[in-house]
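Contents: one structure, followed by commentary.
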Amino acid sequence: MRLIGLSIAALFALPILIGLFGSFLPAAGFMPQLAPGNGLQVLLSDPRFVPAIMLSLKTGLAATALVLLLTMLTLVCAHGTRLWQWLMAFLPPLLAVPHAAMAVGLVFLISPSGWLVRLFSPSVTGLERPPRSWVIPDSDGWSLVLGLVLKEAPFLLMAAAAHLSTINVSDSLKIGRTLGYSPARCWSRLVLPQLYARIRLTLFIILAFNFSVVDMAILLGPGNPPTFSVFLLSLVNEPGSRAAASAGALFLALGVVSCIALVLIVERVIAAIAGYRRVSGYRGRSLAVFRGLGQTVIAGILMLSVAAMAMLLLWSIARRWRFPDALPSQWTSENWLARSDLLLEPLFCTLLFAVFVVVSSILAAIAWLECERANAVPRLDWMWYIPLLIPQITLLFGWQAMALLLRVDGEWLTVAYAHWVYALPYVVLIMAVAWRELDSNWHSAAAVLGAGYWKILLRVRLPLLVKPVAQAAAVALAVSVAQYLPTLLLGAGRHQTLSIELVTSFGGVDRRVIATLAALQSLLPLLAFIAALYLPRLFSTANQDTHATA
Amino acid sequence: MFTIFPFKLRVDRLCAQSRARAWRKLTQMLPCFALILIATTMSSQTQAAELDATWDEQLQRAKGQTVYFNAWGGSDRINAYLEWAAKRIKEDYGVTLQHVKIGDIAEIVGQIEAAKSVGRDTDGNVDLMWVNGENFAAMKRNNLIWGAFANELPNTENVQNSPSIKMDFSVPVDGLESPWGGAQLVFMYDSEQLAEPPLSAEELLAFVKNDGRFAYPAPPAFHGTTMIKQLLYELTDQPGALSKPVEEADFDTVTAPLWSYLDELHPALWGNGKSWPPSAETTRQMLDDGELDIGMSFNPNEASAAVKDGQLPDSVRTYVFKEGTIGNTHFVTIPYNAKAKEGAMVVANFLISAEAQAHKANPEVWGDPTVLDVTKLGVDDKAAFSSIDLGPWVLQPGTGKTLPEPHASWAGALEQAWLARYAK
């Protein structure tokens, strides 16, 4: 049993080490065949280096700060209201939408010729042609920041909502209100400090992601210069630039570390100020206006995401849709039906990876958690967070270098393995909560009745845990479907998944094709989440039926 | 449930040990799977490909091969055309054509160079690739091309005898690549929005300063580089220097008028010289949206397909500058380490067949100009070409003078200089 647990840990941890070494060795000049030259020197002398890294710092930090602010604002302004229930219903599906698809929808929405302007033209704006006052993507990266906020704020909010139950919010609020503090102050003095400590790691994951994102930065970010990670991606493919790209990948990881350090410092400063203000005894006034404003902002952001998704559906059934028409002038089902050849192949390719990742990561997680329960392996929760905190580029440049050396680049299994490494952490972390909370009396009772280990696992434990397992499976599928960089860099272009097709065809700009691909890509995780919600219910009622008849 | 672990172990070992040992391990673990693997490796280990084999021998060896064709995958129409070609090639020759869709073929050149540097001289990932003159020059210089395969293709006899097919960006082709289609830089505009489009670099500047909406993709995007080459042709005092390698010219003197022109042009562009359309296709979409007045393309017939497909208005027209615009030929080539060289030859030969070229020239399919000399073809094939109706939207035959591409070395030098000036 111990052996199984250890091999899972090794299968997971080894590629991370290999990835880091594979980036480090070429950067340091230890792989002169594959990566000749002094990487660091070439990198530093590139005119794009400084502007690109400044841009990434700006967009990464701004997006993360906005995500945190928006989450806090939502908790303070919306918790306990109808809006909160709406959010809890809408956020999980939004969370499941792949980043690339959301980015595409957003472009169609907020461009000068996008839907927002079309809806009000020429009636309100008087415009017969798109305005010239802004362009998308803008050269300062704000459209990228907006895209990141739309995707990452739901992530942090859901993490926060999950932790709210463990810190007894309503009691804290009641005590605060009884003492005469305004609701906002109850949150900021009593709840948020406890909550922040619990969501901090999630925030760091978001920070690392925002700083190093690739697919969304290609679609929504400025192109000249691009963000640092997009710059590195173009560099790694330039002849003779691998050493420089590898050095850049290490820089990227260093950037994440410095950003996290910066957040820790800012956090101390805020904690000091907050500590001082907490004992001031000032109760504050209840500002209903502020609350209303906050709710409007949140509702606006939510509507923006929903509208971006609606754009994908609308364009996917449009034939002709010129500015300033609010809706397409000609509709068609051709984008879906006539192009089914072009859709089915990437769909099949995507599903093949997804099914492999779902099955293998669920089985690995079950095995790992069972080993953990039997005390065959220690709890290694920190280990699962590592690949989420290291920029994907840093690991993947390393994997790609190693794959080239071992001649396994382009192999299906190489790509699937990389997907697995990125899906497993979510699967283990989601399932671990339920696994550890499950009452061990069920197990003991079954054992007393003479059931063996396998029977207990298959007939007692797993049926009781079917809901979290289904949720974890849906997340694993969503992670696999959204993977762009691993498929691109390890796949040698041979594995045309939906996300690869989407980012590639964005350059060809048939909006209807792009929208159809993006809609299809979003549909897969959405269906998986719906299935995860309803299938366990069917399963449990079926189970009860058999018990009833027996 | 534990069957998964040996499977995963294998993956791990693939990364950790040599491939041969991993395969041995795999054979022990999954005998069935291994049998299939052995079967496939054996079938692919035929004797090394030869250029001087007869065509019948090449056809024989090609049968059953899978050709990974790395070609830009950004156009739905081109992708669909290659799907059609794959079907036809499978039917006639038993060769499987797999289109590997890529964003920029220069990256693939880099990958092949990397493969060469680590000694991966056989079983490469790329069997056939779609190149332009700049990639070709780089590949030829670094000996990344298999050989003069194009001279061995039977359909070569019908190819036009034109300068841009003999010299690609002023670099001799020498049979190292096989032509696929013609191209010329053209501009499209909506005749209902714009009565008189600008007909030269100077007119373009005046147009943009007068609130005209224009932008070009930022180099090193292919169309952006072509645009600055085009402007350089018109603006420089020494156009003759462009047909020789850049090292032989006084780069600063030749290009000085270009930079002062661009300094003036950029602030008035869409995006104010800070944001750029990522591709020429984007400018076509922006023309349709009305964000731009002029879109650009390297396909003189692009507007025809776009209008019929609902992507451009019926009032769109195509034109070139008074003094002409840069035109060239695009090619396919076989890397030196390709795995399915015979299959790649079969595909390259099919691509210059009258059937494939006529299908490609149809604007509803792709609308790419042919590289064949139609007068050399038989009656039926001639009819296939003459029945193609391009409509009023495209560049009308005989209206556009073609300028030759500058020597391949200019592209990189111009891109570097452009980036140093404007990518800040």
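Labels used: A, B, ... for chains in the order of the structure tokens, numbers from 1 for residues in each chain, and numbers from 1 for ligands as shown.
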
- Write out as an NGL selection string which residues come within 12 Å of A:Ser444 when counting only C-alpha atoms, dropping same-chain ones fewer than 4 positions away. :A and (438-440 or 448-453 or 456-457 or 460-461)

Keeping only C-alpha atoms, take the residues you just selected and write them out as a PDB file, in the first residue's frame.
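Now in part-v6.pdb:
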ATOM      1  CA  LEU A 438     -16.534  10.801   6.373  1.00  0.00           C
ATOM      2  CA  ASP A 439     -17.663   9.191   9.581  1.00  0.00           C
ATOM      3  CA  SER A 440     -15.410   6.182  10.241  1.00  0.00           C
ATOM      4  CA  VAL A 448     -18.058  -5.801  11.978  1.00  0.00           C
ATOM      5  CA  LEU A 449     -20.631  -7.230   9.614  1.00  0.00           C
ATOM      6  CA  GLY A 450     -17.775  -9.110   7.933  1.00  0.00           C
ATOM      7  CA  ALA A 451     -17.158  -7.047   4.813  1.00  0.00           C
ATOM      8  CA  GLY A 452     -13.610  -7.076   3.450  1.00  0.00           C
ATOM      9  CA  TYR A 453     -11.582  -3.990   2.452  1.00  0.00           C
ATOM     10  CA  ILE A 456     -16.276  -1.731   2.129  1.00  0.00           C
ATOM     11  CA  LEU A 457     -14.536   0.605  -0.312  1.00  0.00           C
ATOM     12  CA  VAL A 460     -19.897   1.601   1.480  1.00  0.00           C
ATOM     13  CA  ARG A 461     -17.314   4.350   1.194  1.00  0.00           C
TER      14      ARG A 461
END

- Quick one: residues within 7 Å of A:Gly60, only C-alpha atoms counted, chain neighbours fewer than 4 positions away excluded, as number ranges by chain? A: 56, 64, 207, 210-211

List as a JSON list (two decimals) with N, CA and C atoms, in the first residue's frame the protein and nucleic acid residues near B:Pro363, meaning an atom at most 9 Å away when only C-alpha atoms are counted, but skip any in the same chain fewer than 3 places from it.
[["chain", "number", "residue", "atom", "x", "y", "z"],
["B", 301, "ASN", "N", -7.74, 37.24, -54.57],
["B", 301, "ASN", "CA", -9.13, 36.80, -54.75],
["B", 301, "ASN", "C", -9.87, 36.63, -53.42],
["B", 302, "GLU", "N", -9.25, 37.05, -52.34],
["B", 302, "GLU", "CA", -9.85, 36.81, -51.02],
["B", 302, "GLU", "C", -11.25, 37.39, -50.90],
["B", 303, "ALA", "N", -11.46, 38.59, -51.47],
["B", 303, "ALA", "CA", -12.75, 39.26, -51.29],
["B", 303, "ALA", "C", -13.90, 38.42, -51.85],
["B", 304, "SER", "N", -13.64, 37.71, -52.94],
["B", 304, "SER", "CA", -14.70, 36.93, -53.58],
["B", 304, "SER", "C", -15.28, 35.89, -52.62],
["B", 305, "ALA", "N", -14.39, 35.10, -52.03],
["B", 305, "ALA", "CA", -14.85, 34.08, -51.09],
["B", 305, "ALA", "C", -15.51, 34.74, -49.88],
["B", 306, "ALA", "N", -14.93, 35.86, -49.42],
["B", 306, "ALA", "CA", -15.45, 36.50, -48.21],
["B", 306, "ALA", "C", -16.85, 37.06, -48.45],
["B", 308, "LYS", "N", -19.08, 35.97, -50.69],
["B", 308, "LYS", "CA", -20.01, 34.86, -50.84],
["B", 308, "LYS", "C", -20.30, 34.19, -49.50],
["B", 359, "HIS", "N", -9.43, 23.31, -58.07],
["B", 359, "HIS", "CA", -10.29, 23.33, -56.89],
["B", 359, "HIS", "C", -9.88, 24.47, -55.97],
["B", 360, "LYS", "N", -8.56, 24.63, -55.82],
["B", 360, "LYS", "CA", -8.02, 25.67, -54.94],
["B", 360, "LYS", "C", -8.31, 27.07, -55.47],
["B", 366, "TRP", "N", -11.12, 28.40, -51.86],
["B", 366, "TRP", "CA", -10.02, 29.16, -51.28],
["B", 366, "TRP", "C", -9.74, 30.41, -52.14],
["B", 367, "GLY", "N", -9.73, 30.26, -53.47],
["B", 367, "GLY", "CA", -9.47, 31.41, -54.34],
["B", 367, "GLY", "C", -8.01, 31.74, -54.48],
["B", 368, "ASP", "N", -7.14, 30.74, -54.27],
["B", 368, "ASP", "CA", -5.70, 30.98, -54.35],
["B", 368, "ASP", "C", -5.26, 30.85, -55.82],
["B", 388, "ILE", "N", -14.22, 29.20, -63.60],
["B", 388, "ILE", "CA", -14.18, 29.87, -62.29],
["B", 388, "ILE", "C", -14.60, 31.32, -62.44],
["B", 389, "ASP", "N", -15.61, 31.73, -61.66],
["B", 389, "ASP", "CA", -16.09, 33.11, -61.71],
["B", 389, "ASP", "C", -15.69, 33.82, -60.42],
["B", 390, "LEU", "N", -14.80, 34.81, -60.57],
["B", 390, "LEU", "CA", -14.28, 35.48, -59.38],
["B", 390, "LEU", "C", -15.13, 36.68, -58.96]]

- Task: Could you list the residues in chain A lying within 8 Å of chain B, using only C-alpha atoms, and format the result as a PyMOL selection string?
- Result: chain A and resi 4+7+11+14-15+33-34+47-48+51+112-113+129-132+134-135+137-139+222-225+237-240+319-320+322-323+342+360+363+402-408+410+413-414+417+492-494+496+504-510+513

Once DSSP has gone over the backbone, tell me which residues of stretch 317-516 of chain A are in strand (DSSP E), as a compact mmCIF listing (two decimals) with C-alpha atoms, in the first residue's frame.
# COMPACT_ATOMS: atom_id res chain seq x y z
CA ALA A 318 -24.94 34.26 -37.11
CA ARG A 319 -24.28 34.37 -40.82
CA ARG A 320 -24.19 38.12 -41.37
CA GLN A 330 -28.89 36.61 -41.30
CA TRP A 331 -28.96 33.53 -39.13

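As for atom CA of B:Gly343 and atom CA of B:Gln65, they are spaced 5.9 Å apart.
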
Could you give me, as a compact mmCIF listing (two decimals) with C-alpha atoms, in the first residue's frame, the residues within 12 Å of A:Pro122, counting only C-alpha atoms and dropping anything in the same chain fewer than 2 positions from it?
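The resulting selection_2.txt:
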# COMPACT_ATOMS: atom_id res chain seq x y z
CA SER A 113 -17.50 47.40 -32.87
CA LEU A 116 -22.14 46.86 -26.14
CA VAL A 117 -21.70 49.61 -28.72
CA ARG A 118 -23.97 47.86 -31.25
CA LEU A 119 -26.81 47.64 -28.72
CA PHE A 120 -26.84 51.42 -28.29
CA VAL A 124 -28.22 56.40 -28.16
CA THR A 125 -24.70 57.06 -29.37
CA GLY A 126 -25.63 58.33 -32.84
CA LEU A 127 -22.74 56.31 -34.24
CA GLU A 128 -22.97 54.83 -37.72
CA ARG A 129 -19.41 53.54 -37.47
CA PRO A 130 -17.46 52.17 -34.50
CA PRO A 131 -15.92 54.84 -32.24
CA PHE A 323 -22.16 47.12 -37.30
CA PRO A 324 -24.34 48.75 -35.92
CA ASP A 325 -27.05 46.03 -36.01
CA ALA A 326 -27.97 44.90 -32.51
